[in-house]
Structure formats: C-alpha cells, structure tokens
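**Q** Pasting a structure below so you can have a look.
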Amino acid sequence: NAGVMQNPRHLVRRRGQEARLRCSPMKGHSHVYWYRQLPEEGLKFMVYLQKENIIDESGMPKERFSAEFPKEGPSILRIQQVVRGDSAAYFCASSPSGLGFNEQFFGPGTRLTVL
Amino acid sequence: GENVEQHPSTLSVQEGDSAVIKCTYSDSASNYFPWYKQELGKRPQLIIDIRSNVGEKKDQRIAVTLNKTAKHFSLHITETQPEDSAVYFCAASGGGGADGLTFGKGTHLIIQP
C-alpha cells in the first residue's frame, strides 16, 4: 500500500511563473490537506479538500493560491505569479475520513524555490 | 481560531535520560492531539496521538498526557536514544468536524551521547 505521493519533490521557479504541486492520497483516502512549512518553522494549514469539494480554505492566501481535488487524478495546489516569499516546503496529508479523530498521513513534500 | 504554543524550542538531554515537551492550546473544542517527529528534510511522521476522552496514552518509550481543564498536553520520551534526535511537533484539531491540524512551532530534541 503506497503512502501519500507528491510530485515534484523539488521545483524551481522564477518570479512571476506558475507553480503546480501534485498530491496523490493513500489508497482508500478521500480527504486531502495541504500545509506549508517555512524554514525553521512549524507547518501551517492551508486547505482541506474532499473529492471535487473544498471544505475549508481558511489558511489559503486570498490571492494567487488555489487548490482542487478532481474526481479523477491527484489533488493540485496551484500558485500563480510566484514571489520569493512563496519559497517553502509544501506538504500534503491524507486521511480516510473527515469525521474528526483520524490521523493524517503526510507525503514527502515539494520543496519550492523561487529565484 | 486555534492557537498552539510549544516549549521548549530546543531541548538537549543525555542519552538514556528522559525528555518532556509541553504544549498548550486555546480552543476548548479541540479533541484530537497528535505528535509528529520530523527528521531533517523528511516528512512529518506520527509517533503518538491522544483523544480528549482519555488522559494518558503510552506506546513503549513514548507517552502523552492531556489535561483538558488546563488545555495542555505533553510528550514524554524515556530512555532516550541517538535516533530520537529530531524536531517534534505537537498539533491540535477537532471541534466535531474534520479540521486541519494547528501545529506548534516545534522542539529540536538533541540527544547527547
């Protein structure tokens, strides 16, 4: 049973370009969470999605960031017109149920560097 | 929203001694409290969690205690080993729904040989 998969593992973009990060949850998991980790800091919740639905996006910046989890395929976190401050590790996690109490399993992360 | 404070930020202990990391949370509706271990450049890995209906949980050398009245919970590692060196994060979530986790800022645990 493969764990949470993320790609790419490393992504380099120039200021103004778009970054697209992908997350495939564990088999049987239908809930995906995205977190951002700045260097030497903890993880910050960004967004929680179920298939085809955004459940909670309270941690998402209001502009340039968007997320989706289509019926088929991975969840995608999209950052438009990247700036240097977007440089961070982006982790996704998945859980089998959204009814609270269920542990979240993390992927290996995508390390975004904005030049 | 929820706010989680974690202390200390760095903890150095002699191999074989015990380590204790403490966290407080602000939202009394939170009911799930996991602890994650993160090695440099790696993903966070769940090491133990506790739910609000119990006060203590133990798994070999690791234990977690929860005081809902005071809104704090602690991680205890006994008989520390070099491989315990890592950054440890506490987190909280709940409120009856499927919330994202609110993390503390982490504790860098250093095990001195």
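Lettering and numbering for the structure tokens are positional, with chains as A, B, ... in the shown order, residues counted from 1 in each chain, and ligands counted from 1 in the shown order.
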Find the residues near Arg14 of chain A: any atom within 10 Å, counting only C-alpha atoms, skip ones fewer than 5 places away on the same chain, and give them as a PyMOL selection string.

**A** chain A and resi 19+81-84+113-115

**Q** Which residues are near Pro34 of chain B? Cut-off 10 Å, only C-alpha atoms, ignore same chain within fewer than 2 positions. Put them as an mmCIF file with N, CA and C atoms, in the first residue's frame.

**A**
```cif
data_model
loop_
_atom_site.group_PDB
_atom_site.id
_atom_site.type_symbol
_atom_site.label_atom_id
_atom_site.label_comp_id
_atom_site.auth_asym_id
_atom_site.auth_seq_id
_atom_site.Cartn_x
_atom_site.Cartn_y
_atom_site.Cartn_z
ATOM 1 N N PHE A 101 -10.908 12.910 14.472
ATOM 2 C CA PHE A 101 -10.274 11.789 15.161
ATOM 3 C C PHE A 101 -9.400 10.913 14.278
ATOM 4 N N ASN A 102 -9.277 11.218 13.028
ATOM 5 C CA ASN A 102 -8.483 10.336 12.179
ATOM 6 C C ASN A 102 -7.141 10.949 11.862
ATOM 7 N N GLU A 103 -6.115 10.137 12.042
ATOM 8 C CA GLU A 103 -4.762 10.618 11.835
ATOM 9 C C GLU A 103 -4.536 10.955 10.380
ATOM 10 N N GLN A 104 -3.659 11.910 10.175
ATOM 11 C CA GLN A 104 -3.292 12.362 8.852
ATOM 12 C C GLN A 104 -1.900 11.831 8.519
ATOM 13 N N TYR B 32 -8.519 16.351 19.419
ATOM 14 C CA TYR B 32 -7.553 15.389 18.872
ATOM 15 C C TYR B 32 -6.180 16.038 18.899
ATOM 16 N N TYR B 36 4.077 14.686 16.056
ATOM 17 C CA TYR B 36 4.815 14.273 14.869
ATOM 18 C C TYR B 36 6.309 14.458 15.089
ATOM 19 N N LEU B 46 3.766 10.589 12.277
ATOM 20 C CA LEU B 46 3.001 10.486 13.507
ATOM 21 C C LEU B 46 3.659 9.476 14.440
ATOM 22 N N ILE B 47 3.899 9.888 15.692
ATOM 23 C CA ILE B 47 4.507 8.967 16.647
ATOM 24 C C ILE B 47 3.515 8.548 17.730
ATOM 25 N N ILE B 48 2.582 9.403 18.064
ATOM 26 C CA ILE B 48 1.556 9.064 19.040
ATOM 27 C C ILE B 48 0.484 10.134 18.983
ATOM 28 N N ASP B 49 -0.740 9.760 19.345
ATOM 29 C CA ASP B 49 -1.804 10.756 19.404
ATOM 30 C C ASP B 49 -2.722 10.436 20.578
ATOM 31 N N ILE B 50 -3.494 11.427 20.979
ATOM 32 C CA ILE B 50 -4.416 11.222 22.096
ATOM 33 C C ILE B 50 -5.699 11.958 21.790
ATOM 34 N N ARG B 51 -6.799 11.369 22.217
ATOM 35 C CA ARG B 51 -8.098 11.986 22.009
ATOM 36 C C ARG B 51 -8.651 12.449 23.338
ATOM 37 N N VAL B 64 2.010 10.231 26.150
ATOM 38 C CA VAL B 64 1.413 11.564 26.034
ATOM 39 C C VAL B 64 0.363 11.707 27.132
ATOM 40 N N PHE B 73 -1.061 19.592 26.927
ATOM 41 C CA PHE B 73 -0.691 18.197 26.726
ATOM 42 C C PHE B 73 0.819 18.114 26.562
ATOM 43 N N LEU B 75 4.441 15.510 25.788
ATOM 44 C CA LEU B 75 5.076 14.305 25.232
ATOM 45 C C LEU B 75 6.223 13.917 26.148
ATOM 46 N N PHE B 89 6.791 18.018 16.729
ATOM 47 C CA PHE B 89 5.700 18.986 16.643
ATOM 48 C C PHE B 89 4.461 18.427 17.344
ATOM 49 N N CYS B 90 3.838 19.273 18.166
ATOM 50 C CA CYS B 90 2.513 18.938 18.664
ATOM 51 C C CYS B 90 1.489 19.613 17.768
ATOM 52 N N ALA B 91 0.255 19.126 17.806
ATOM 53 C CA ALA B 91 -0.805 19.695 16.982
ATOM 54 C C ALA B 91 -2.142 19.465 17.671
ATOM 55 N N ALA B 92 -3.132 20.221 17.234
ATOM 56 C CA ALA B 92 -4.481 20.086 17.779
ATOM 57 C C ALA B 92 -5.482 20.270 16.654
ATOM 58 N N SER B 93 -6.587 19.574 16.771
ATOM 59 C CA SER B 93 -7.686 19.772 15.821
ATOM 60 C C SER B 93 -8.961 19.257 16.467
ATOM 61 N N LEU B 101 -4.961 20.454 10.949
ATOM 62 C CA LEU B 101 -4.208 20.494 12.191
ATOM 63 C C LEU B 101 -3.580 21.862 12.397
ATOM 64 N N PHE B 103 -0.460 23.394 14.254
ATOM 65 C CA PHE B 103 0.794 22.899 14.797
ATOM 66 C C PHE B 103 1.452 23.907 15.723
#
```

**Q** Define the interface residues of chain A facing chain B as those within 12 Å, counting only C-alpha atoms, and report them as a PyMOL selection string.

**A** chain A and resi 3-6+9-10+31-50+55-60+88-111

**Q** Keeping only C-alpha atoms, take the residues you just selected and write them out as a compact mmCIF listing (two decimals), in the first residue's frame.

**A**
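So the final result, stored in part.txt, reads:
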```
# COMPACT_ATOMS: atom_id res chain seq x y z
CA GLY A 3 1.87 6.06 1.00
CA VAL A 4 0.98 9.62 0.13
CA MET A 5 2.77 10.63 -3.05
CA GLN A 6 3.82 14.13 -4.01
CA ARG A 9 9.91 16.69 -4.93
CA HIS A 10 11.81 19.83 -5.87
CA HIS A 31 -9.59 13.62 2.28
CA VAL A 32 -6.58 15.76 1.47
CA TYR A 33 -4.96 18.57 3.46
CA TRP A 34 -2.24 20.96 2.28
CA TYR A 35 0.29 22.55 4.65
CA ARG A 36 3.16 24.98 4.14
CA GLN A 37 6.38 24.86 6.13
CA LEU A 38 8.76 27.79 6.09
CA PRO A 39 12.41 27.14 7.06
CA GLU A 40 12.85 26.54 10.79
CA GLU A 41 9.10 26.81 11.39
CA GLY A 42 6.12 24.58 12.00
CA LEU A 43 3.54 23.57 9.47
CA LYS A 44 0.68 25.95 8.63
CA PHE A 45 -2.65 24.59 7.47
CA MET A 46 -3.72 25.90 4.08
CA VAL A 47 -6.71 23.97 2.73
CA TYR A 48 -8.78 20.83 3.24
CA LEU A 49 -10.44 19.12 0.29
CA GLN A 50 -12.60 16.14 -0.44
CA ILE A 55 -14.19 22.02 2.65
CA ASP A 56 -12.01 24.58 4.44
CA GLU A 57 -9.68 27.07 2.79
CA SER A 58 -9.25 29.35 5.78
CA GLY A 59 -5.46 29.06 5.63
CA MET A 60 -5.08 29.89 1.96
CA ALA A 88 8.86 26.80 1.28
CA ALA A 89 8.17 23.09 1.66
CA TYR A 90 4.60 22.18 0.80
CA PHE A 91 3.25 19.02 2.36
CA CYS A 92 0.01 17.28 1.71
CA ALA A 93 -1.61 14.78 4.05
CA SER A 94 -4.50 12.40 3.62
CA SER A 95 -6.95 10.72 5.94
CA PRO A 96 -9.61 8.08 5.39
CA SER A 97 -12.46 10.00 6.92
CA GLY A 98 -13.29 13.59 7.62
CA LEU A 99 -15.27 12.92 10.76
CA GLY A 100 -12.52 14.03 13.09
CA PHE A 101 -10.27 11.79 15.16
CA ASN A 102 -8.48 10.34 12.18
CA GLU A 103 -4.76 10.62 11.83
CA GLN A 104 -3.29 12.36 8.85
CA PHE A 105 -0.50 10.73 6.86
CA PHE A 106 1.97 13.07 5.26
CA GLY A 107 3.62 12.94 1.88
CA PRO A 108 7.35 13.64 1.34
CA GLY A 109 6.71 17.24 0.43
CA THR A 110 7.53 19.50 -2.51
CA ARG A 111 10.30 21.99 -1.92
```

**Q** One decimal, in Å: what's the spacing between atom CA of Pro8 of chain B and atom CA of Cys23 of chain B?

**A**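 According to the coordinates, atom CA of Pro8 of chain B and atom CA of Cys23 of chain B are separated by 9.1 Å.
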
**Q** Can you pull out every residue from chain A that DSSP, working from the backbone, puts in strand (DSSP E), and format the result as a PyMOL selection string?

**A** chain A and resi 5-7+10-13+19-24+31-37+43-50+53-56+65-68+75-79+88-95+105-106+110-114

**Q** If we count only C-alpha atoms, what is near Thr65 of chain B at a cut-off of 6 Å, once residues fewer than 3 positions away on the same chain are taken out, given as a list of chain:residue names?

**A**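 Listed by chain and then number, they are B:Gly55, B:Glu56, B:Phe73, B:Ser74.
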
**Q** Please provide as a PyMOL selection string all residues within 8 Å of Glu15 of chain B, with the sequence filter that same-chain residues fewer than 2 positions apart are discarded (counting only C-alpha atoms).

**A** chain B and resi 13+17+79-82+111-113

**Q** Atom CA of Asp86 of chain A to atom CA of Val4 of chain B: how many Å, to one decimal?

**A**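 Answer for the atom CA of Asp86 of chain A to atom CA of Val4 of chain B separation: 23.4 Å.
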
**Q** Got a sec: who's within 8 Å of segment 67-69 of chain A, counting only C-alpha atoms, leaving out chain neighbours fewer than 5 positions off, as a ChimeraX atom specification?

**A** /A:47,49-54,74-78

**Q** For the atom pair atom CA of Pro25 of chain A and atom CA of Glu63 of chain A, what is the interatomic distance in Å to one decimal place?

**A** 25.6 Å

**Q** So which residues touch Glu2 of chain B within 7 Å, counting only C-alpha atoms, skipping near sequence neighbours fewer than 3 positions away, as a list in words?

**A** Tyr25, Ser26, Asp27 and Thr102 of chain B

**Q** Could you write out the selected residues, including C-alpha atoms, as a PDB file, in the first residue's frame?

**A**
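Final output, result-v7.pdb:
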```pdb
ATOM      1  CA  TYR B  25      -3.919  25.081  23.105  1.00  0.00           C
ATOM      2  CA  SER B  26      -6.584  27.753  23.119  1.00  0.00           C
ATOM      3  CA  ASP B  27      -9.734  26.201  21.640  1.00  0.00           C
ATOM      4  CA  THR B 102      -2.873  23.533  14.035  1.00  0.00           C
TER       5      THR B 102
END
```
